[in-house]
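Participant: If it helps, the file is called my_file.csv and holds CSV, C-alpha atoms:
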chain,number,residue,atom,x,y,z
T,1,MET,CA,41.2,8.2,-77.5
T,2,LYS,CA,43.0,5.0,-78.0
T,3,THR,CA,46.3,5.6,-79.5
T,4,ASP,CA,49.3,7.8,-78.9
T,5,SER,CA,48.4,9.5,-82.2
T,6,CYS,CA,45.1,10.5,-80.7
T,7,LEU,CA,46.8,12.0,-77.6
T,8,ARG,CA,49.3,13.9,-79.8
T,9,TYR,CA,46.3,15.3,-81.7
T,10,LEU,CA,44.7,16.4,-78.4
T,11,GLU,CA,47.9,18.1,-77.2
T,12,ASP,CA,48.4,20.0,-80.5
T,13,PRO,CA,45.5,19.8,-82.9
T,14,GLU,CA,47.0,22.2,-85.5
T,15,ALA,CA,50.3,20.4,-85.8
T,16,ASN,CA,48.6,17.0,-86.1
T,17,ALA,CA,45.7,18.0,-88.2
T,18,GLY,CA,46.3,15.0,-90.6
T,19,HIS,CA,45.2,12.7,-87.7
T,20,LEU,CA,41.6,13.4,-88.3
T,21,ALA,CA,41.7,11.9,-91.8
T,22,ASP,CA,43.0,8.6,-90.3
T,23,CYS,CA,41.0,8.3,-87.0
T,24,ALA,CA,37.2,8.0,-87.4
T,25,GLU,CA,36.6,8.4,-83.7
T,26,CYS,CA,38.5,11.7,-83.4
T,27,ARG,CA,36.8,12.9,-86.7
T,28,ALA,CA,33.4,12.2,-85.1
T,29,LEU,CA,34.4,14.2,-82.0
T,30,PHE,CA,36.4,17.1,-83.4
T,31,GLY,CA,35.9,17.1,-87.2
T,32,GLU,CA,33.7,19.5,-89.0
T,33,ASN,CA,30.1,18.6,-88.6
T,34,GLU,CA,27.5,18.6,-91.3
T,35,VAL,CA,24.9,20.5,-89.2
T,36,PRO,CA,23.3,23.1,-91.5
T,37,THR,CA,23.5,26.6,-90.1
T,38,LYS,CA,21.4,29.6,-91.1
T,39,PRO,CA,22.7,33.1,-91.1
T,40,LEU,CA,21.3,35.0,-88.0
T,41,SER,CA,19.0,37.9,-88.7
T,42,LEU,CA,19.2,40.3,-85.8
T,43,ASP,CA,16.0,42.1,-86.9
T,44,ALA,CA,14.0,38.9,-86.7
T,45,LEU,CA,14.8,38.4,-83.0
T,46,PRO,CA,12.5,40.0,-80.4
T,47,LEU,CA,13.6,43.3,-78.9
T,48,ALA,CA,15.4,42.8,-75.6
T,49,ALA,CA,14.4,44.9,-72.6
T,50,TRP,CA,17.9,46.4,-72.2
T,51,GLU,CA,18.1,47.6,-75.9
T,52,GLY,CA,18.1,51.3,-76.0
T,53,ALA,CA,17.4,51.4,-72.2
T,54,SER,CA,20.3,53.6,-71.3
T,55,HIS,CA,19.3,56.3,-73.7
T,56,ARG,CA,18.4,59.5,-71.8
T,57,ALA,CA,16.2,62.0,-73.6
T,58,TRP,CA,16.8,64.8,-71.3
T,59,PRO,CA,14.7,67.5,-73.1
T,60,LEU,CA,11.7,65.2,-72.8
T,61,VAL,CA,12.4,64.3,-69.2
T,62,ILE,CA,13.0,67.8,-68.1
T,63,GLY,CA,10.1,69.1,-70.1
T,64,GLY,CA,7.7,66.6,-68.6
T,65,THR,CA,8.9,67.2,-65.0
T,66,VAL,CA,8.7,71.0,-65.4
T,67,VAL,CA,5.2,70.8,-66.9
T,68,ALA,CA,4.0,68.6,-63.9
T,69,LEU,CA,5.6,71.0,-61.4
T,70,ILE,CA,4.1,74.1,-63.1
T,71,ALA,CA,0.6,72.4,-63.2
T,72,ALA,CA,0.9,71.6,-59.5
T,73,ALA,CA,2.0,75.2,-58.7
T,74,ILE,CA,-0.8,76.7,-60.7
T,75,LEU,CA,-3.5,74.4,-59.2
T,76,CYS,CA,-2.1,75.1,-55.7
T,77,PHE,CA,-2.2,78.9,-56.4
T,78,ILE,CA,-5.8,78.7,-57.7
T,79,ALA,CA,-6.9,76.5,-54.7
T,80,GLY,CA,-5.1,78.9,-52.3
T,81,MET,CA,-2.9,76.3,-50.8
T,82,THR,CA,0.5,76.7,-49.4
T,83,PRO,CA,3.2,74.0,-49.8
T,84,LEU,CA,2.8,73.1,-46.1
T,85,GLN,CA,-0.9,72.6,-46.5
T,86,VAL,CA,-0.2,70.3,-49.5
T,87,ILE,CA,2.2,68.2,-47.4
T,88,GLU,CA,-0.4,68.1,-44.6
T,89,SER,CA,-3.1,67.0,-46.9
T,90,SER,CA,-1.0,64.3,-48.6
T,91,PHE,CA,-0.3,62.7,-45.2
T,92,LYS,CA,-4.0,62.3,-44.5
T,93,SER,CA,-4.1,58.7,-45.8
T,94,VAL,CA,-1.0,57.9,-43.7
T,95,GLN,CA,-2.8,59.4,-40.7
T,96,ALA,CA,-5.9,57.3,-41.5
T,97,MET,CA,-3.8,54.2,-41.7
T,98,ARG,CA,-2.1,55.0,-38.4
T,99,VAL,CA,-5.5,55.5,-36.7
T,100,PHE,CA,-6.8,52.2,-38.2
T,101,VAL,CA,-3.7,50.2,-37.0
T,102,LEU,CA,-3.7,51.7,-33.5
T,103,THR,CA,-7.5,51.3,-33.1
T,104,SER,CA,-7.3,47.6,-34.3
T,105,ALA,CA,-4.4,47.0,-31.9
T,106,GLY,CA,-6.5,48.5,-29.0
T,107,ALA,CA,-9.5,46.4,-30.0
T,108,LEU,CA,-7.2,43.3,-30.1
T,109,ARG,CA,-6.0,44.0,-26.6
T,110,GLU,CA,-9.6,44.2,-25.4
T,111,ALA,CA,-10.8,41.2,-27.4
T,112,SER,CA,-11.4,37.7,-25.9
T,113,ARG,CA,-8.7,35.1,-25.8
T,114,GLY,CA,-10.4,33.2,-28.7
T,115,ALA,CA,-10.4,36.3,-30.9
T,116,GLN,CA,-6.7,36.9,-30.1
T,117,LEU,CA,-5.9,33.4,-31.0
T,118,ALA,CA,-7.8,33.6,-34.3
T,119,PHE,CA,-6.0,36.9,-35.1
T,120,GLY,CA,-2.7,35.2,-34.3
T,121,ALA,CA,-3.6,32.2,-36.6
T,122,ALA,CA,-4.5,34.7,-39.4
T,123,PHE,CA,-1.2,36.5,-38.9
T,124,PHE,CA,0.8,33.3,-39.2
T,125,ALA,CA,-1.3,32.1,-42.1
T,126,VAL,CA,-0.9,35.3,-44.2
T,127,ASN,CA,2.8,35.5,-43.5
T,128,GLY,CA,3.2,31.7,-44.3
T,129,VAL,CA,1.5,32.3,-47.7
T,130,LEU,CA,3.8,35.4,-48.2
T,131,VAL,CA,6.9,33.2,-47.6
T,132,LEU,CA,5.5,30.5,-50.0
T,133,LEU,CA,5.0,33.2,-52.7
T,134,LEU,CA,8.4,34.7,-52.1
T,135,ARG,CA,10.1,31.3,-52.6
T,136,ARG,CA,9.1,31.4,-56.3
T,137,SER,CA,11.9,32.6,-58.5
T,138,PRO,CA,11.1,35.6,-60.7
T,139,ARG,CA,10.3,34.9,-64.4
T,140,GLY,CA,11.1,38.2,-66.0
T,141,ILE,CA,13.5,37.6,-68.9
T,142,ASP,CA,12.9,33.9,-69.0
T,143,ALA,CA,9.2,34.2,-69.6
K,1,MET,CA,-1.8,17.8,-46.4
K,2,ARG,CA,-1.3,18.8,-50.0
K,3,ARG,CA,-5.1,19.1,-50.5
K,4,MET,CA,-5.3,21.3,-47.4
K,5,LEU,CA,-2.5,23.5,-48.8
K,6,ARG,CA,-4.3,23.8,-52.1
K,7,LEU,CA,-7.4,25.1,-50.3
K,8,PHE,CA,-5.4,27.2,-47.8
K,9,VAL,CA,-3.5,29.3,-50.4
K,10,PRO,CA,-6.6,30.4,-52.4
K,11,LEU,CA,-8.5,31.1,-49.2
K,12,THR,CA,-5.7,33.2,-47.8
K,13,ILE,CA,-5.5,35.1,-51.1
K,14,VAL,CA,-9.3,35.8,-51.0
K,15,GLY,CA,-8.9,37.0,-47.4
K,16,ALA,CA,-6.0,39.2,-48.5
K,17,THR,CA,-8.2,40.6,-51.3
K,18,LEU,CA,-11.0,41.5,-48.9
K,19,VAL,CA,-8.6,43.2,-46.4
K,20,THR,CA,-7.0,45.2,-49.2
K,21,ALA,CA,-10.4,46.1,-50.6
K,22,MET,CA,-11.4,47.3,-47.2
K,23,ILE,CA,-8.3,49.4,-46.8
K,24,ALA,CA,-8.2,50.8,-50.4
K,25,ALA,CA,-11.9,51.3,-50.9
K,26,PRO,CA,-12.9,54.9,-52.0
K,27,THR,CA,-13.8,57.2,-49.3
K,28,GLU,CA,-17.4,58.3,-48.5
K,29,SER,CA,-16.9,61.6,-50.4
K,30,ALA,CA,-15.7,59.8,-53.5
K,31,LYS,CA,-18.7,57.5,-53.4
K,32,SER,CA,-21.2,60.4,-53.3
K,33,PHE,CA,-19.6,62.1,-56.2
K,34,ASP,CA,-22.4,63.9,-58.2
K,35,ILE,CA,-21.4,67.0,-60.2
K,36,LYS,CA,-25.0,68.3,-60.6
K,37,SER,CA,-25.7,68.6,-56.9
K,38,MET,CA,-22.3,70.0,-56.0
K,39,THR,CA,-22.0,73.1,-53.8
K,40,LEU,CA,-19.4,75.8,-54.2
K,41,GLN,CA,-17.7,74.5,-51.0
K,42,GLN,CA,-17.5,71.0,-52.4
K,43,ALA,CA,-16.1,72.3,-55.7
K,44,ALA,CA,-13.4,74.2,-53.8
K,45,SER,CA,-12.6,71.1,-51.8
K,46,MET,CA,-12.3,69.1,-55.0
K,47,LEU,CA,-10.0,71.7,-56.5
K,48,GLN,CA,-7.8,71.4,-53.4
K,49,GLN,CA,-7.8,67.6,-53.8
K,50,SER,CA,-6.8,68.0,-57.4
K,51,ALA,CA,-4.0,70.4,-56.4
K,52,VAL,CA,-2.7,67.9,-53.8
K,53,THR,CA,-2.9,65.0,-56.3
K,54,VAL,CA,-1.1,66.9,-59.0
K,55,SER,CA,1.6,68.0,-56.5
K,56,LEU,CA,2.0,64.3,-55.5
K,57,VAL,CA,2.3,63.3,-59.1
K,58,ALA,CA,5.0,65.9,-59.6
K,59,VAL,CA,6.8,64.4,-56.5
K,60,TRP,CA,6.4,60.9,-57.9
K,61,ILE,CA,7.9,62.0,-61.2
K,62,LEU,CA,10.9,63.4,-59.4
K,63,ALA,CA,11.2,60.2,-57.5
K,64,ALA,CA,10.9,58.1,-60.6
K,65,VAL,CA,13.6,60.1,-62.4
K,66,ALA,CA,16.0,59.9,-59.5
K,67,LEU,CA,15.4,56.2,-58.9
K,68,THR,CA,15.7,55.3,-62.5
K,69,LEU,CA,19.0,57.3,-62.8
K,70,MET,CA,20.4,55.5,-59.7
K,71,SER,CA,19.3,52.0,-60.4
K,72,GLY,CA,17.9,51.7,-63.9
K,73,ARG,CA,18.7,48.0,-64.4
K,74,GLU,CA,16.9,47.0,-61.2
K,75,VAL,CA,13.8,49.1,-62.1
K,76,ARG,CA,13.8,47.5,-65.6
K,77,ALA,CA,14.0,44.0,-64.1
K,78,SER,CA,11.0,44.6,-61.8
K,79,SER,CA,9.1,46.3,-64.7
K,80,THR,CA,9.8,43.2,-66.9
K,81,GLU,CA,8.5,41.0,-64.0
K,82,VAL,CA,5.2,43.0,-63.8
K,83,ARG,CA,4.7,42.5,-67.5
K,84,ALA,CA,5.8,38.8,-67.6
K,85,SER,CA,4.0,37.5,-64.6
K,86,ALA,CA,1.4,40.1,-63.7
K,87,LEU,CA,-0.9,37.7,-61.8
K,88,HIS,CA,1.9,36.5,-59.5
K,89,CYS,CA,2.9,40.1,-58.8
K,90,PHE,CA,-0.8,41.0,-58.0
K,91,THR,CA,-1.3,38.0,-55.7
K,92,LEU,CA,2.0,38.7,-54.0
K,93,GLY,CA,1.1,42.3,-53.6
K,94,LEU,CA,-2.3,41.5,-52.1
K,95,VAL,CA,-0.8,39.1,-49.6
K,96,ALA,CA,2.1,41.5,-48.8
K,97,VAL,CA,-0.3,44.4,-48.1
K,98,THR,CA,-2.4,42.2,-45.8
K,99,SER,CA,0.8,41.0,-44.1
K,100,PHE,CA,2.0,44.6,-43.6
K,101,VAL,CA,-1.3,45.5,-42.0
K,102,LEU,CA,-1.5,42.5,-39.8
K,103,THR,CA,2.1,42.8,-38.8
K,104,ALA,CA,1.6,46.5,-38.0
K,105,ILE,CA,-1.4,45.6,-35.8
K,106,VAL,CA,0.8,43.0,-34.0
K,107,PHE,CA,3.6,45.5,-33.5
K,108,SER,CA,1.2,48.1,-32.2
K,109,TYR,CA,-0.1,45.5,-29.8
K,110,LEU,CA,3.5,45.2,-28.6
K,111,ILE,CA,3.9,49.0,-28.0
K,112,PRO,CA,3.4,48.8,-24.2
K,113,TYR,CA,6.3,46.3,-24.2
K,114,PHE,CA,8.7,48.9,-25.8
K,115,ILE,CA,9.9,46.5,-28.5
K,116,GLY,CA,6.8,47.5,-30.6
K,117,VAL,CA,8.0,51.0,-31.5
K,118,PRO,CA,11.3,50.1,-33.2
K,119,LEU,CA,9.7,47.2,-35.0
K,120,LEU,CA,6.8,49.4,-36.1
K,121,PHE,CA,9.2,52.0,-37.4
K,122,ALA,CA,11.3,49.4,-39.3
K,123,LEU,CA,8.1,48.0,-40.8
K,124,ALA,CA,7.0,51.4,-41.9
K,125,VAL,CA,10.3,52.2,-43.5
K,126,PHE,CA,10.4,48.9,-45.3
K,127,ALA,CA,6.8,49.4,-46.5
K,128,VAL,CA,7.5,52.9,-47.8
K,129,ILE,CA,10.7,51.9,-49.6
K,130,THR,CA,8.8,48.9,-51.2
K,131,LYS,CA,6.0,51.1,-52.3
K,132,ILE,CA,8.2,53.8,-53.8
K,133,TYR,CA,10.5,51.4,-55.6
K,134,GLY,CA,7.6,49.3,-56.8
K,135,MET,CA,5.6,52.3,-58.1
K,136,VAL,CA,8.6,53.4,-60.2
K,137,ALA,CA,8.8,49.9,-61.6
K,138,VAL,CA,5.0,50.0,-62.4
K,139,PHE,CA,5.5,53.5,-64.0
K,140,HIS,CA,8.2,52.0,-66.2
K,141,ALA,CA,6.0,49.0,-67.0
K,142,VAL,CA,3.0,51.1,-68.0
K,143,GLY,CA,5.3,53.5,-70.0
K,144,THR,CA,6.8,50.5,-71.9
K,145,LEU,CA,3.4,49.0,-72.5
K,146,VAL,CA,2.0,52.3,-73.9
K,147,ALA,CA,5.0,53.8,-75.6
K,148,GLY,CA,7.7,51.2,-75.8
K,149,ALA,CA,9.2,50.3,-79.1
K,150,ARG,CA,7.9,47.1,-80.6
K,151,SER,CA,10.7,46.4,-83.1
K,152,ARG,CA,14.4,47.2,-83.5
K,153,GLN,CA,13.6,49.3,-86.5
K,154,GLN,CA,11.1,51.4,-84.6
K,155,LEU,CA,13.6,51.8,-81.7
K,156,GLY,CA,16.3,53.0,-84.1
K,157,SER,CA,14.0,55.5,-85.7
K,158,ARG,CA,13.1,57.1,-82.4
K,159,LYS,CA,15.0,60.1,-81.2
K,160,TRP,CA,13.4,60.8,-77.8
K,161,LEU,CA,10.8,58.2,-77.1
K,162,ARG,CA,13.1,55.5,-75.8
K,163,GLY,CA,15.1,54.7,-72.7
K,164,ASP,CA,14.2,53.8,-69.1
K,165,LEU,CA,13.9,57.5,-68.0
K,166,VAL,CA,11.3,58.4,-70.6
K,167,MET,CA,9.3,55.2,-70.1
K,168,ALA,CA,9.1,55.8,-66.3
K,169,LEU,CA,8.1,59.4,-67.0
K,170,ILE,CA,5.4,58.5,-69.4
K,171,GLY,CA,4.0,55.9,-67.0
K,172,ALA,CA,4.0,58.3,-64.1
K,173,LEU,CA,2.2,61.0,-66.2
K,174,LEU,CA,-0.3,58.5,-67.4
K,175,LEU,CA,-1.1,57.0,-64.0
K,176,GLY,CA,-1.1,60.5,-62.5
K,177,ALA,CA,-3.6,61.7,-65.0
K,178,ILE,CA,-5.8,58.6,-64.4
K,179,ARG,CA,-5.6,59.3,-60.6
K,180,LEU,CA,-7.3,62.7,-61.2
K,181,ILE,CA,-10.5,60.9,-62.4
K,182,PRO,CA,-13.0,60.8,-59.5
K,183,VAL,CA,-13.8,57.3,-58.1
K,184,VAL,CA,-11.9,55.4,-60.8
K,185,GLY,CA,-8.6,57.2,-60.2
K,186,PRO,CA,-8.1,56.1,-56.6
K,187,ILE,CA,-9.1,52.5,-57.5
K,188,VAL,CA,-6.6,52.4,-60.4
K,189,TRP,CA,-3.9,53.9,-58.2
K,190,GLY,CA,-4.6,51.4,-55.5
K,191,LEU,CA,-4.4,48.5,-57.9
K,192,ALA,CA,-1.1,49.9,-59.2
K,193,SER,CA,0.2,50.1,-55.6
K,194,VAL,CA,-0.7,46.4,-55.1
K,195,PHE,CA,1.2,45.5,-58.4
K,196,ALA,CA,4.1,47.8,-57.2
K,197,ILE,CA,4.5,46.0,-53.9
K,198,GLY,CA,4.2,42.7,-55.5
K,199,SER,CA,6.8,43.4,-58.2
K,200,ALA,CA,9.3,44.9,-55.7
K,201,LEU,CA,9.1,41.8,-53.5
K,202,ALA,CA,9.0,39.3,-56.3
K,203,THR,CA,12.3,40.5,-57.8
K,204,LYS,CA,13.8,41.5,-54.4
K,205,PHE,CA,14.0,45.1,-55.5
K,206,GLY,CA,15.1,44.2,-59.0
K,207,ARG,CA,18.1,42.1,-57.9
K,208,ARG,CA,16.5,38.8,-58.9
K,209,GLU,CA,18.0,37.0,-56.0
K,210,PRO,CA,16.2,34.4,-53.8
K,211,TRP,CA,14.8,35.8,-50.5
K,212,PHE,CA,15.6,32.6,-48.6
K,213,LEU,CA,18.6,30.4,-48.9
K,214,ALA,CA,17.9,26.7,-49.6
K,215,TRP,CA,19.1,24.4,-46.8
K,216,ARG,CA,21.3,21.6,-48.0
K,217,PRO,CA,23.3,19.2,-45.8
K,218,ALA,CA,27.1,19.3,-46.1
K,219,GLU,CA,28.6,16.4,-48.0
K,220,ALA,CA,31.4,14.5,-46.3
Take the structure in this file and express it as structure tokens.

Facilitator:
Amino acid sequence: MKTDSCLRYLEDPEANAGHLADCAECRALFGENEVPTKPLSLDALPLAAWEGASHRAWPLVIGGTVVALIAAAILCFIAGMTPLQVIESSFKSVQAMRVFVLTSAGALREASRGAQLAFGAAFFAVNGVLVLLLRRSPRGIDA
Amino acid sequence: MRRMLRLFVPLTIVGATLVTAMIAAPTESAKSFDIKSMTLQQAASMLQQSAVTVSLVAVWILAAVALTLMSGREVRASSTEVRASALHCFTLGLVAVTSFVLTAIVFSYLIPYFIGVPLLFALAVFAVITKIYGMVAVFHAVGTLVAGARSRQQLGSRKWLRGDLVMALIGALLLGAIRLIPVVGPIVWGLASVFAIGSALATKFGRREPWFLAWRPAEA
């Protein structure tokens, strides 16, 4: 960008197209390059995760859901279970977890000072590792 | 310090694995599964268990359809993360499950001081949301692995077997069917739950944003 001619070319490249033939520096910067290009074949590229993702095959979705609901209803009927009993049974694992947590908390309260300190150290260690792992950015589409 | 950290992280992960294994281990009834010496009462109990499992799978399918319709892009992002960095998701899931359990114990310890109850409630809500969202992402990942199109041509030729909804449905049906298998089913479902929690947290519920802001001093 040395001369006024170069500046005029920068301001209006189309009107001053002839400048490229005279100035080697501008030609190197803005002229047509000789880099060989290949035509892009879309089929050769890997399939992106979002391609076709918004398609909604409702007959299949409704069919699958209805089949699962009918199977559940038939099995409940054969087993002689009411929906309330099914809900109660499905919360058994939650109840077990609740009992485990409350029992552990009770045991922690009764434990010696050393054991409480060890538990506290484990608590901070695990949460520290969790924070370390959460700091890593997701790979996903970049992998 | 760095050497200590190198030891510390794997040891914590091993600890997390042990805690998760203790929590997710099959129950005594599952361990003593023997079809030859089964009584009528045991058979009835097993039928009831199957009924509950199938009902839960149906509920999971409804949840998967609803969540994929509401935030398909986020579910897809988490599903991609499960497939792209499975080991990271699994490790994160193990550590997160252990963290949930330890934090729940700490919050239960604080119940007599009143602050424990709301904290415990908030933790439970967060854990449930993480599990539900993550499971839908895992359903999507499994569905895509099993029935996803491998090429653009294959995708174009498919009329029904494509799209987020169908992939989530296929994954839910498949994992639900595996869950019905005695002994193996609960283990596979437990592993899927670990992956689910890991993928949900790794992608911040599919938003792919950092959990923590990086501190940088202001320039004058």

Participant: Report, in Å to a single decimal, how far apart atom CA of T:Pro138 and atom CA of K:Gly185 are.

Facilitator: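 For atom CA of K:Gly185 relative to atom CA of T:Pro138, the distance reads 29.2 Å.
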
Participant: Can you check which residues of chain T have any atom within 6 Å of chain K? Use all atoms listed in the file and format it as a ChimeraX atom specification.

Facilitator: /T:47,52-57,68-69,72,75-76,79,86,101,105,126-127,138,140

Participant: So the first atom is atom CA of K:Leu67 and the second is atom CA of K:Ile132; what is the distance between them in Å, to one decimal place?

Facilitator: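 Distance between the two atoms: 9.1 Å.
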
Participant: Just how far from atom CA of K:Ala137 is atom CA of K:Glu74, in Å to one decimal?

Facilitator: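 Rounded to one decimal, the two atoms are 8.6 Å apart.
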
Participant: Closest to T:Ser93 among K:Pro186, K:Arg216, K:His140, K:Val194, using all atoms listed in the file?

Facilitator: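 Ranked by minimum distance to T:Ser93, first place goes to K:Pro186.
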